[in-house]
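Structure below is structure_39.txt: compact mmCIF, C-alpha atoms and all ligand atoms.
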# COMPACT_ATOMS: atom_id res chain seq x y z
CA MET G 182 77.35 -79.79 111.42
CA LEU G 183 78.67 -80.25 107.90
CA LEU G 184 78.08 -77.48 105.39
CA HIS G 185 78.93 -77.55 101.68
CA ILE G 186 79.01 -74.13 100.01
CA GLY G 187 78.85 -74.03 96.21
CA ILE G 188 79.46 -70.80 94.28
CA GLU G 189 79.43 -70.22 90.53
CA ASP G 190 79.46 -67.59 87.83
CA THR G 191 80.71 -64.48 89.56
CA ASP G 192 83.34 -63.41 87.00
CA SER G 193 83.16 -61.57 83.69
CA PRO G 194 85.58 -60.80 80.85
CA ARG G 195 86.25 -57.51 82.65
CA GLY G 196 87.46 -59.08 85.86
CA GLY G 197 86.59 -61.01 88.96
CA CYS G 198 87.18 -64.66 89.66
CA THR G 199 85.07 -67.16 91.55
CA THR G 200 88.22 -68.75 93.01
CA TYR G 201 89.19 -65.38 94.49
CA ILE G 202 85.86 -65.14 96.33
CA ALA G 203 86.53 -68.66 97.62
CA ALA G 204 90.02 -67.61 98.73
CA LEU G 205 88.64 -64.62 100.66
CA LEU G 206 86.04 -66.89 102.24
CA VAL G 207 88.67 -69.40 103.38
CA GLU G 208 90.19 -66.67 105.52
CA ARG G 209 86.83 -65.45 106.80
CA LEU G 210 85.44 -68.92 107.61
CA LEU G 211 88.60 -69.91 109.49
CA GLU G 212 88.29 -66.71 111.53
CA LEU G 213 84.72 -67.64 112.34
CA GLY G 214 85.89 -71.00 113.65
CA ALA G 215 84.97 -73.36 110.78
CA ARG G 216 87.12 -76.45 110.10
CA PHE G 217 87.70 -77.52 106.49
CA ILE G 218 87.03 -81.19 105.65
CA ASP G 219 88.55 -80.94 102.15
CA TYR G 220 90.71 -78.57 100.19
CA PRO G 221 88.59 -75.93 98.51
CA ASN G 222 87.26 -77.64 95.37
CA LEU G 223 87.49 -76.03 91.94
CA VAL G 224 85.13 -77.81 89.56
CA ARG G 225 85.44 -76.98 85.88
CA LEU G 226 82.15 -77.39 84.03
CA ASN G 227 81.37 -78.16 80.39
CA PRO G 228 83.59 -75.79 78.37
CA ASN G 229 81.22 -76.00 75.39
CA VAL G 230 78.09 -74.43 76.83
CA PRO G 231 77.40 -71.31 74.78
CA TRP G 232 76.58 -69.00 77.71
CA LYS G 233 79.67 -69.62 79.84
CA THR G 234 81.55 -66.63 81.17
CA ARG G 235 85.29 -67.29 81.14
CA GLY G 236 86.79 -70.45 82.53
CA ASN G 237 83.43 -71.91 83.51
CA GLY G 238 84.58 -72.92 86.97
CA ALA G 239 82.55 -73.39 90.12
CA VAL G 240 83.92 -73.73 93.63
CA CYS G 241 82.83 -75.62 96.72
CA LEU G 242 83.98 -75.07 100.31
CA ARG G 243 83.26 -77.99 102.65
CA ILE G 244 83.33 -77.23 106.35
CA GLU G 245 82.45 -78.61 109.73
CA MET G 246 81.29 -76.13 112.37
CA ASP G 247 79.22 -75.60 115.47
CA THR G 248 75.57 -75.25 114.52
CA ALA G 249 75.52 -71.86 116.21
CA LEU G 250 77.82 -70.55 113.46
CA GLU G 251 75.45 -71.37 110.60
CA GLY G 252 73.90 -67.89 110.34
CA ALA G 253 77.23 -66.09 110.48
CA VAL G 254 78.85 -68.40 107.91
CA LYS G 255 76.01 -68.08 105.40
CA ALA G 256 75.95 -64.29 105.86
CA ALA G 257 79.69 -64.15 105.18
CA VAL G 258 79.25 -66.13 101.95
CA VAL G 259 76.42 -63.95 100.66
CA ASP G 260 78.36 -60.83 101.61
CA ALA G 261 81.50 -61.98 99.75
CA VAL G 262 79.56 -62.83 96.59
CA GLU G 263 77.56 -59.61 96.62
CA ARG G 264 80.68 -57.55 97.21
CA HIS G 265 82.91 -59.18 94.59
CA ALA G 266 80.75 -60.67 91.81
CA GLU G 267 80.65 -58.80 88.50
CA PHE G 268 76.92 -58.07 88.52
CA ASP G 269 77.15 -55.54 85.67
CA CYS G 270 78.07 -58.11 83.04
CA ASP G 271 75.05 -59.46 81.13
CA ASN G 272 76.49 -62.95 81.08
CA THR G 273 77.31 -63.09 84.78
CA ASN G 274 74.55 -64.75 86.80
CA PRO G 275 75.93 -65.67 90.22
CA GLY G 276 74.56 -68.55 92.24
CA ILE G 277 75.15 -69.94 95.74
CA VAL G 278 74.04 -73.34 97.06
CA PHE G 279 74.22 -74.38 100.73
CA HIS G 280 73.91 -78.07 101.51
CA THR G 281 74.01 -79.43 105.04
CA GLY G 282 75.01 -82.99 105.93
CA ILE G 283 76.41 -85.59 103.57
CA VAL G 284 76.24 -85.19 99.81
CA THR G 285 73.85 -87.80 98.48
CA LYS G 286 74.53 -90.06 95.53
CA PRO G 287 71.66 -88.91 93.23
CA LEU G 288 73.54 -85.66 92.66
CA LYS G 289 76.22 -87.64 90.79
CA GLY G 290 74.22 -88.05 87.57
CA PHE G 291 73.37 -84.36 87.62
CA VAL G 292 77.01 -83.42 88.13
CA ASP G 293 78.13 -85.53 85.18
CA ARG G 294 75.65 -83.78 82.92
CA VAL G 295 76.71 -80.31 84.06
CA ILE G 296 80.33 -81.20 83.27
CA GLN G 297 79.61 -83.12 80.04
CA GLY G 298 76.40 -81.62 78.69
CA VAL G 299 73.65 -79.13 79.25
CA VAL G 300 71.03 -79.10 82.02
CA THR G 301 68.09 -76.84 82.68
CA LEU G 302 67.61 -74.53 85.61
CA GLY G 303 64.43 -76.45 86.41
CA GLU G 304 66.38 -79.68 86.96
CA ALA G 305 68.72 -77.91 89.35
CA GLU G 306 65.84 -76.34 91.24
CA GLY G 307 64.08 -79.70 91.52
CA LEU G 308 67.18 -81.36 92.99
CA ILE G 309 67.78 -78.47 95.38
CA GLU G 310 64.29 -78.85 96.74
CA LYS G 311 64.44 -82.65 96.89
CA HIS G 312 67.72 -82.64 98.79
CA GLY G 313 66.78 -79.88 101.17
CA SER G 314 69.56 -77.58 99.98
CA THR G 315 69.19 -73.82 99.87
CA ALA G 316 69.97 -71.79 96.76
CA ILE G 317 70.44 -68.10 96.20
CA GLY G 318 70.41 -67.12 92.55
CA TYR G 319 70.99 -63.69 91.09
CA LYS G 320 69.72 -62.28 87.80
CA ASN G 321 68.75 -65.19 85.50
CA MET G 322 69.71 -67.64 88.30
CA ARG G 323 71.73 -69.94 86.05
CA GLY G 324 74.68 -69.79 88.47
CA ILE G 325 72.90 -72.13 90.85
CA ILE G 326 73.34 -74.97 88.30
CA GLY G 327 77.11 -74.83 88.60
CA ALA G 328 76.97 -74.11 92.33
CA LEU G 329 74.93 -77.28 92.87
CA ALA G 330 77.25 -79.27 90.59
CA ALA G 331 80.25 -78.09 92.64
CA VAL G 332 78.51 -79.25 95.84
CA GLY G 333 77.73 -82.64 94.27
CA GLU G 334 81.16 -83.24 92.68
CA ARG G 335 83.16 -84.79 95.52
CA LEU G 336 86.13 -85.39 93.16
CA GLU G 337 86.21 -89.05 94.14
CA GLY G 338 87.73 -90.04 90.80
CA ASP G 339 90.80 -88.64 89.11
CA HIS G 340 91.70 -85.17 90.36
CA THR G 341 94.58 -82.70 90.46
CA TYR G 342 95.61 -79.66 92.49
CA GLU G 343 96.20 -76.01 91.67
CA LEU G 344 97.89 -73.37 93.78
CA LEU G 345 96.38 -70.03 92.85
CA ALA G 346 98.18 -66.85 93.90
CA TYR G 347 96.35 -63.52 93.82
CA ARG G 348 97.40 -59.94 93.16
CA MET G 349 96.99 -56.88 95.35
CA PRO G 350 93.88 -54.89 94.34
CA GLU G 351 96.06 -51.95 93.26
CA SER G 352 97.87 -54.17 90.71
CA LEU G 353 94.70 -55.21 88.86
CA GLY G 354 94.73 -54.34 85.17
CA THR G 355 98.52 -53.89 84.99
CA PRO G 356 100.90 -56.42 83.37
CA ARG G 357 101.88 -59.21 85.75
CA ARG G 358 105.48 -58.98 86.88
CA LEU G 359 106.76 -62.54 87.16
CA ASP G 360 110.34 -63.72 86.82
CA VAL G 361 110.35 -66.00 83.75
CA ASP G 362 113.62 -67.72 84.73
CA SER G 363 112.15 -68.74 88.08
CA ILE G 364 109.17 -70.30 86.29
CA ILE G 365 111.42 -72.32 83.98
CA GLU G 366 113.51 -73.46 86.98
CA MET G 367 110.36 -74.41 88.85
CA ASP G 368 109.14 -76.37 85.84
CA GLU G 369 112.37 -78.34 85.65
CA ALA G 370 112.59 -78.93 89.40
CA THR G 371 109.02 -80.27 89.65
CA ARG G 372 108.72 -82.04 86.32
CA GLY G 373 106.36 -85.01 86.49
CA GLU G 374 104.70 -83.54 89.59
CA THR G 375 103.36 -80.34 88.00
CA PHE G 376 102.07 -79.76 84.47
CA ASN G 377 101.39 -77.09 81.86
CA ASN G 378 103.79 -74.54 83.36
CA VAL G 379 105.55 -73.76 80.11
CA ASP G 380 104.50 -74.16 76.49
CA CYS G 381 106.56 -76.94 74.95
CA GLU G 382 106.35 -75.39 71.44
CA ASN G 383 107.68 -71.90 72.21
CA GLY G 384 109.02 -72.04 75.80
CA ARG G 385 106.63 -69.35 77.02
CA PRO G 386 105.30 -69.58 80.59
CA LEU G 387 101.65 -70.57 80.83
CA ILE G 388 101.04 -70.11 84.55
CA ALA G 389 99.90 -66.47 84.40
CA PRO G 390 96.67 -65.28 82.82
CA HIS G 391 96.70 -62.04 80.81
CA GLY G 392 93.35 -60.51 81.68
CA PRO G 393 92.16 -58.10 84.37
CA ASP G 394 91.26 -60.88 86.83
CA PRO G 395 92.97 -61.08 90.25
CA VAL G 396 94.98 -64.26 89.57
CA LEU G 397 98.73 -63.61 89.65
CA PHE G 398 99.59 -67.18 88.65
CA GLY G 399 98.41 -70.76 89.05
CA VAL G 400 100.52 -73.91 89.28
CA ARG G 401 98.85 -77.24 88.51
CA GLY G 402 100.05 -80.59 89.71
CA GLU G 403 99.47 -84.07 91.09
CA SER G 404 99.52 -83.28 94.82
CA ALA G 405 99.08 -80.41 97.25
CA GLU G 406 102.73 -80.81 98.29
CA ALA G 407 103.92 -80.52 94.68
CA VAL G 408 101.98 -77.38 93.81
CA HIS G 409 102.99 -75.82 97.12
CA ARG G 410 106.68 -76.48 96.51
CA ALA G 411 106.36 -75.26 92.90
CA GLY G 412 104.37 -72.15 93.81
CA MET G 413 106.97 -71.09 96.36
CA MET G 414 109.65 -71.21 93.64
CA VAL G 415 107.90 -68.64 91.45
CA GLU G 416 109.38 -65.19 91.93
CA ALA G 417 107.31 -62.08 91.36
CA SER G 418 108.35 -58.46 91.53
CA GLU G 419 104.88 -57.44 92.58
CA PRO G 420 103.36 -58.22 95.97
CA MET G 421 101.09 -61.24 96.37
CA GLU G 422 97.91 -60.76 98.35
CA ARG G 423 97.22 -64.42 99.19
CA TRP G 424 97.34 -67.95 97.81
CA VAL G 425 95.16 -71.04 98.16
CA ILE G 426 95.52 -74.65 97.02
CA PHE G 427 92.42 -76.06 95.31
CA ARG G 428 91.60 -79.71 94.62
CA THR G 429 90.13 -79.85 91.14
CA ASN G 430 88.98 -81.87 88.12
CA GLN G 431 91.31 -79.88 85.84
CA GLY G 432 93.51 -81.99 83.57
CA THR G 433 91.32 -85.10 83.90
CA ASP G 434 89.23 -85.14 80.67
CA ALA G 435 86.13 -85.20 82.89
CA HIS G 436 84.14 -83.31 80.24
CA LEU G 437 84.55 -85.98 77.54
CA ARG G 438 81.89 -88.66 77.26
CA ARG G 439 82.27 -91.70 75.02
CA VAL G 440 79.63 -92.09 72.35
CA MET G 441 79.15 -95.37 70.51
CA LYS G 442 78.25 -93.88 67.14
CA LEU G 443 78.75 -90.59 65.35
CA SER G 444 74.99 -90.02 65.09
CA ASP G 445 74.99 -89.71 68.92
CA LEU G 446 77.14 -86.55 68.82
CA GLU G 447 75.13 -83.60 70.10
CA PRO G 448 75.94 -79.89 70.02
CA TYR G 449 77.49 -78.59 73.27
CA ASN G 450 78.23 -82.14 74.49
CA PRO G 451 81.99 -82.79 74.34
CA ALA G 452 82.64 -86.37 73.30
CA ILE G 453 85.01 -89.18 72.40
CA ALA G 454 84.06 -91.06 69.22
CA VAL G 455 85.62 -93.40 66.66
CA GLY G 456 85.26 -93.10 62.92
CA GLU G 457 86.94 -93.46 59.57
CA VAL G 458 88.46 -90.57 57.64
CA ALA G 459 86.15 -90.04 54.67
CA ALA G 460 88.38 -87.74 52.60
CA ARG G 461 91.77 -86.06 52.73
CA PRO G 462 91.98 -83.10 55.15
CA ARG G 463 92.02 -79.60 53.70
CA THR G 464 93.44 -76.40 55.16
CA ILE G 465 90.99 -73.52 55.12
CA GLN G 466 91.42 -69.77 55.56
CA GLY G 467 92.97 -68.94 58.93
CA GLY G 468 95.09 -72.10 58.89
CA HIS G 469 92.41 -74.40 60.30
CA VAL G 470 92.46 -78.01 59.09
CA ILE G 471 89.17 -79.81 58.45
CA PHE G 472 88.32 -83.38 57.46
CA PRO G 473 85.17 -85.50 57.31
CA LEU G 474 84.86 -88.49 59.64
CA LYS G 475 82.25 -91.19 59.10
CA ASP G 476 80.84 -94.40 60.46
CA GLU G 477 77.79 -96.38 59.40
CA THR G 478 75.46 -93.90 61.13
CA ALA G 479 76.68 -90.42 60.20
CA GLN G 480 79.38 -88.17 58.81
CA VAL G 481 80.75 -85.21 60.78
CA ASP G 482 83.42 -82.60 60.16
CA CYS G 483 86.43 -82.57 62.48
CA ALA G 484 88.44 -79.37 62.87
CA ALA G 485 91.95 -78.73 64.17
CA TYR G 486 92.08 -74.99 64.71
CA GLU G 487 95.08 -72.78 64.07
CA PRO G 488 96.05 -72.39 67.79
CA THR G 489 96.65 -76.15 67.98
CA GLY G 490 99.95 -75.49 66.17
CA ARG G 491 101.91 -78.51 65.01
CA PHE G 492 99.03 -80.80 65.97
CA ARG G 493 97.60 -79.79 62.58
CA ASP G 494 100.56 -81.42 60.82
CA VAL G 495 99.39 -84.78 62.18
CA VAL G 496 95.87 -84.14 60.90
CA ARG G 497 97.14 -83.11 57.46
CA ARG G 498 98.70 -86.58 57.07
CA PHE G 499 95.41 -88.43 57.33
CA SER G 500 94.25 -90.51 54.37
CA GLU G 501 90.87 -91.81 53.45
CA GLY G 502 90.16 -94.98 55.41
CA ASP G 503 92.28 -94.20 58.50
CA THR G 504 90.52 -95.12 61.75
CA ILE G 505 90.71 -92.30 64.28
CA ARG G 506 89.44 -91.79 67.82
CA VAL G 507 88.53 -88.11 68.18
CA TYR G 508 88.12 -86.07 71.38
CA GLY G 509 86.48 -82.66 71.53
CA GLY G 510 83.58 -80.27 71.70
CA VAL G 511 80.68 -80.48 69.26
CA ARG G 512 78.89 -77.63 67.58
CA ALA G 513 76.29 -77.42 64.85
CA SER G 514 77.81 -75.96 61.69
CA ASP G 515 76.49 -72.60 60.57
CA GLY G 516 73.50 -72.93 58.33
CA ASP G 517 73.20 -76.71 58.10
CA MET G 518 72.53 -79.65 60.36
CA ARG G 519 76.01 -81.09 60.00
CA ARG G 520 77.97 -81.44 63.25
CA THR G 521 81.52 -80.16 63.65
CA LEU G 522 83.80 -81.63 66.29
CA ASN G 523 86.57 -79.29 67.47
CA LEU G 524 89.55 -81.57 68.08
CA GLU G 525 91.07 -81.41 71.56
CA LYS G 526 93.14 -84.53 70.98
CA LEU G 527 93.06 -87.62 68.82
CA GLU G 528 94.28 -91.17 68.64
CA VAL G 529 95.26 -92.83 65.39
CA LEU G 530 93.99 -96.42 65.74
CA HIS G 531 94.63 -97.83 62.29
CA LEU G 532 96.32 -96.46 59.19
CA ALA G 533 94.85 -97.40 55.84
CA PRO G 534 97.48 -98.40 53.29
CA ASP G 535 98.27 -95.47 50.98
CA VAL G 536 97.89 -97.33 47.68
CA ARG G 537 98.60 -95.69 44.34
CA LEU G 538 98.87 -96.86 40.72
CA ALA G 539 102.20 -96.46 38.95
CA ASN G 540 103.61 -97.29 35.53
CA PRO G 541 105.23 -100.76 35.30
CA LEU G 542 108.97 -101.37 35.58
CA CYS G 543 110.99 -102.62 32.61
CA GLN G 544 111.43 -106.43 32.61
CA GLN G 545 114.82 -106.05 30.95
CA CYS G 546 116.62 -103.26 32.84
CA GLY G 547 114.35 -102.46 35.79
CA SER G 548 113.84 -98.79 34.90
CA GLY G 549 110.54 -96.96 34.93
CA MET G 550 108.42 -97.19 31.77
CA GLU G 551 106.24 -94.63 30.10
CA SER G 552 102.85 -95.02 28.50
CA MET G 553 102.68 -95.00 24.72
CA GLY G 554 99.08 -93.86 24.85
CA ARG G 555 95.83 -95.31 25.99
CA GLY G 556 95.71 -99.07 25.29
CA LYS G 557 99.06 -98.99 23.45
CA GLY G 558 101.26 -100.37 26.23
CA TYR G 559 104.50 -99.07 27.70
CA ARG G 560 108.03 -98.22 26.55
CA CYS G 561 111.19 -98.23 28.69
CA ARG G 562 112.74 -94.81 29.06
CA ARG G 563 116.23 -96.28 29.30
CA CYS G 564 116.56 -99.33 27.01
CA GLY G 565 113.58 -98.71 24.76
CA LEU G 566 111.88 -102.09 25.40
CA ARG G 567 108.25 -101.97 24.35
CA ASP G 568 105.46 -104.14 25.72
CA ARG G 569 101.79 -103.85 24.70
CA ASN G 570 100.50 -106.18 27.42
CA LEU G 571 101.85 -104.50 30.54
CA GLU G 572 99.48 -102.85 32.99
CA LYS G 573 99.86 -100.32 35.76
CA ARG G 574 101.16 -101.76 39.03
CA VAL G 575 99.86 -101.13 42.53
CA ILE G 576 102.39 -99.58 44.91
CA GLU G 577 102.04 -98.83 48.60
CA VAL G 578 103.46 -95.49 49.69
CA GLU G 579 104.98 -95.36 53.17
CA ARG G 580 102.76 -93.41 55.60
CA LYS G 581 104.49 -90.54 57.38
CA LEU G 582 102.29 -91.10 60.41
CA SER G 583 102.17 -93.64 63.21
CA THR G 584 99.36 -94.93 65.38
CA GLY G 585 99.07 -93.44 68.86
CA LEU G 586 97.82 -90.48 70.85
CA PHE G 587 98.36 -86.90 69.64
CA ILE G 588 97.64 -83.86 71.85
CA PRO G 589 97.98 -80.17 70.92
CA PRO G 590 100.41 -77.98 72.90
CA PRO G 591 99.29 -76.94 76.42
CA SER G 592 98.51 -73.38 75.28
CA ALA G 593 95.60 -74.82 73.28
CA HIS G 594 94.29 -77.01 76.12
CA ARG G 595 90.99 -76.58 77.89
CA HIS G 596 91.21 -76.45 81.69
CA LEU G 597 89.82 -79.98 81.68
CA THR G 598 92.10 -81.45 78.97
CA LYS G 599 94.24 -84.25 80.35
CA PRO G 600 97.83 -83.52 79.29
CA ARG G 601 100.01 -86.33 77.97
CA GLN G 602 102.17 -86.52 81.09
CA ARG G 603 99.16 -87.33 83.27
CA TYR G 604 98.38 -90.56 81.39
CA GLY G 605 98.98 -93.41 83.81
CA LYS G 606 99.12 -91.02 86.79
CA GLU G 607 95.38 -90.80 87.39
CA ASN G 608 94.78 -90.07 91.05
CA MET G 609 91.88 -92.28 92.15
CA GLU G 610 92.36 -91.99 95.91
CA GLY G 611 89.35 -89.72 96.18
CA VAL G 612 88.81 -87.38 99.10
CA PRO G 613 92.07 -87.12 101.05
CA ASN G 614 91.89 -88.69 104.51
CA GLU G 615 94.25 -86.16 105.90
CA LEU G 616 94.38 -82.53 104.94
CA TYR G 617 97.32 -80.31 105.28
CA GLU G 618 96.58 -77.87 108.08
CA PRO G 619 95.00 -74.73 106.58
CA TRP G 620 98.20 -72.70 107.00
CA HIS G 621 99.80 -75.17 104.60
CA TRP G 622 97.21 -74.68 101.87
CA SER G 623 96.26 -71.05 102.21
CA ARG G 624 98.17 -67.97 103.18
CA VAL G 625 97.19 -64.33 103.42
ZN ZN X 701 114.55 -101.11 30.09

Structure translated into structure tokens:
Amino acid sequence: MLLHIGIEDTDSPRGGCTTYIAALLVERLLELGARFIDYPNLVRLNPNVPWKTRGNGAVCLRIEMDTALEGAVKAAVVDAVERHAEFDCDNTNPGIVFHTGIVTKPLKGFVDRVIQGVVTLGEAEGLIEKHGSTAIGYKNMRGIIGALAAVGERLEGDHTYELLAYRMPESLGTPRRLDVDSIIEMDEATRGETFNNVDCENGRPLIAPHGPDPVLFGVRGESAEAVHRAGMMVEASEPMERWVIFRTNQGTDAHLRRVMKLSDLEPYNPAIAVGEVAARPRTIQGGHVIFPLKDETAQVDCAAYEPTGRFRDVVRRFSEGDTIRVYGGVRASDGDMRRTLNLEKLEVLHLAPDVRLANPLCQQCGSGMESMGRGKGYRCRRCGLRDRNLEKRVIEVERKLSTGLFIPPPSAHRHLTKPRQRYGKENMEGVPNELYEPWHWSRV
């Protein structure tokens, strides 16, 4: 029989990691005799939902097994979640979904909305019942939404891979001891095949988190082979407990949905929209840059926050009338109904001419002229020629900006943000026909 096991929301800011529970289960399920039909899936959900825990990731393990194993497998899953989930955190509401047989198409629409918007627990419960799945929810039960979405997301469109390496329990909470030179070498040796290893603005490694969670490092890339090769190049002076390669929607922009007009932007629904810059951007306290964007239906504020670094310099060069495609999360501004879009990336589609009025040039010597007072004409600064009938001339100032795509540095990316180097590399092959043998994608 086929069994899909979805798990979500087991971590908290104080520790834990849903991928770690998945990694432990890979070992346990192989011991029990299960065969994996896909790499473990790591499905990142809408990063803009207000009640998310940390990375808002759900996992799904897809296995084939003798029917006799069903009880033992499900017991192992429940045991792993109950042993390792951070139940004490208010915002942690673990959920498990078991689905037997093939994953049916109607889950697809639900999955898209969990990744791009907001769904209710009731919708998830209705689908679970309709599809004959089983759910186990803890506390407020919301974790079953993501668990069901992970089951339903077969990653048939663009996808990437991540090798996640985990720390020994005794290392948790201490600084991670990774050799920075080995990370930079790895980045150079696998360039084009891996991404977001090192921050391009300051050269700092990005593969290691800083919190108390069990992840030692994660390497992201285009194929299982690439992240395996890259992961093996990273040197650590602390022992590694295990590693697993996940297939994932990270780096694919899966959370961004195109809207046709600005009035369709909704809070908590990340979107792609086109509009015209309505006024020059201004820098506010904290270094954030804000500008209004409009179309015939609405006006919204767009914000490039301080962590987006030099990306803000692009935004500061906008002029009224520029046509921009914006990508990002939407929130309702404090106190009013106006929407604010937090820029994750943008595309300059059309630059309005920067037209200004200037004093005329002298007809005799070509120098600049100065006004002699309102309605009194102009006088040449150099030769003294006077002319009462001259008027200001229209000049076009060269724009210090070009059309094209602009993306903040990787340190400011969401897990789901597609980095520049992935454009044109979208992996549409869907579920791999052939898996690496498990000892090639997971190691204890
Ligand atoms: Zn002159």

Site check for ligand ZN 701 (chain X): residues at most 8 Å away, all atoms listed in the file, as a list of chain:residue names
G:Leu542, G:Cys543, G:Gln544, G:Gln545, G:Cys546, G:Gly547, G:Ser548, G:Gly549, G:Met550, G:Arg560, G:Cys561, G:Arg562, G:Arg563, G:Cys564, G:Gly565, G:Leu566

With only C-alpha atoms as the basis for distance, which of G:Lys255, G:Ile244, G:Thr191, G:Leu213 is at the shortest distance from Ile283 (chain G)?
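Among the listed residues, the smallest separation from Ile283 (chain G) belongs to G:Ile244.
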
Residues within 7 Å of Leu437 (chain G), all atoms listed in the file, excluding chain neighbours under 3 positions, as a list in words:
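Residues meeting the cut-off are Gln297, Asp434, Pro451, Ala452 and Ile453 of chain G.
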
Counting all atoms listed in the file, the residue of G:Lys599, G:Lys311, G:Lys526, G:Lys475 that sits nearest Phe492 (chain G):
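Among G:Lys599, G:Lys311, G:Lys526, G:Lys475, it is G:Lys526 that comes nearest to Phe492 (chain G).
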
Please measure the separation of CA of His391 (chain G) and CA of Trp232 (chain G), giving the value in Å to one decimal.
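We find that CA of His391 (chain G) and CA of Trp232 (chain G) lie 21.5 Å from each other.
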
Find the distance between CA of Asp260 (chain G) and CA of Thr429 (chain G) and write it in Å to one decimal.
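A separation of 24.7 Å between them.
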
Length of the CA of Val612 (chain G) to CA of Val332 (chain G) vector [Å]:
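A separation of 13.5 Å between them.
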
Neighbouring residues of Lys581 (chain G) were defined as those with any atom within 8 Å, considering only C-alpha atoms; residues of the same chain fewer than 2 positions away were excluded. Please report them as a list in words.
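Listing them by chain and then by number gives Arg498, Glu579 and Ser583 of chain G.
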
Counting only C-alpha atoms, which residue out of G:Glu403, G:Glu267, G:Asp476, G:Glu447 sits closest to Glu607 (chain G)?
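With only C-alpha atoms as the atom set, the closest residue is G:Glu403.
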
Proximity check region 479-555 of chain G to region 373-382 of chain G, 12 Å, nearest pairs one decimal Å, all atoms listed in the file, as CSV:
residue,atom,partner,partner_atom,distance
G:Pro488,CA,G:Glu382,CA,11.3
G:Thr489,CA,G:Glu382,CA,10.3
G:Gly490,CA,G:Glu382,CA,8.3
G:Arg491,CA,G:Glu382,CA,8.4
G:Phe492,CA,G:Glu382,CA,10.6

Write the selection just made, keeping C-alpha atoms, as a PDB file, in the frame of the given file?
ATOM      1  CA  PRO G 488      96.050 -72.390  67.790  1.00  0.00           C
ATOM      2  CA  THR G 489      96.650 -76.150  67.980  1.00  0.00           C
ATOM      3  CA  GLY G 490      99.950 -75.490  66.170  1.00  0.00           C
ATOM      4  CA  ARG G 491     101.910 -78.510  65.010  1.00  0.00           C
ATOM      5  CA  PHE G 492      99.030 -80.800  65.970  1.00  0.00           C
TER       6      PHE G 492
END

Pick out the residues sitting within 8 Å of Arg348 (chain G), and hand them over as a list in words; count all atoms listed in the file, and ignore anything fewer than 3 positions along from it in its own chain.
Ser352, Leu353, Pro395, Val396, Leu397, Glu419, Pro420, Met421, Glu422 and Arg423 of chain G

Please produce a file of those selected residues containing C-alpha atoms, as a PDB file, keeping the file's coordinate frame.
ATOM      1  CA  SER G 352      97.870 -54.170  90.710  1.00  0.00           C
ATOM      2  CA  LEU G 353      94.700 -55.210  88.860  1.00  0.00           C
ATOM      3  CA  PRO G 395      92.970 -61.080  90.250  1.00  0.00           C
ATOM      4  CA  VAL G 396      94.980 -64.260  89.570  1.00  0.00           C
ATOM      5  CA  LEU G 397      98.730 -63.610  89.650  1.00  0.00           C
ATOM      6  CA  GLU G 419     104.880 -57.440  92.580  1.00  0.00           C
ATOM      7  CA  PRO G 420     103.360 -58.220  95.970  1.00  0.00           C
ATOM      8  CA  MET G 421     101.090 -61.240  96.370  1.00  0.00           C
ATOM      9  CA  GLU G 422      97.910 -60.760  98.350  1.00  0.00           C
ATOM     10  CA  ARG G 423      97.220 -64.420  99.190  1.00  0.00           C
TER      11      ARG G 423
END

Between G:Pro473, G:Val625, G:Ile388, G:Phe398, which is the closest to Arg519 (chain G) once you count all atoms listed in the file?
G:Pro473

Which residue is closest to Ile505 (chain G)? Choose from G:Arg520, G:Arg323, G:Arg401, G:His531 and count all atoms listed in the file.
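Closest to Ile505 (chain G) of all the choices is G:His531.
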
In terms of all atoms listed in the file, the residue from G:His594, G:Arg574, G:Arg428, G:His340 at minimal distance from Lys606 (chain G) is G:His340

Within 12 Å of file point (93.1, -77.8, 95.7), counting all atoms listed in the file, expressed as a VMD selection string
chain G and resid 200 203 to 204 219 to 224 240 to 242 336 340 to 345 399 to 409 424 to 431 612 to 613 616 to 617 619 621 to 623
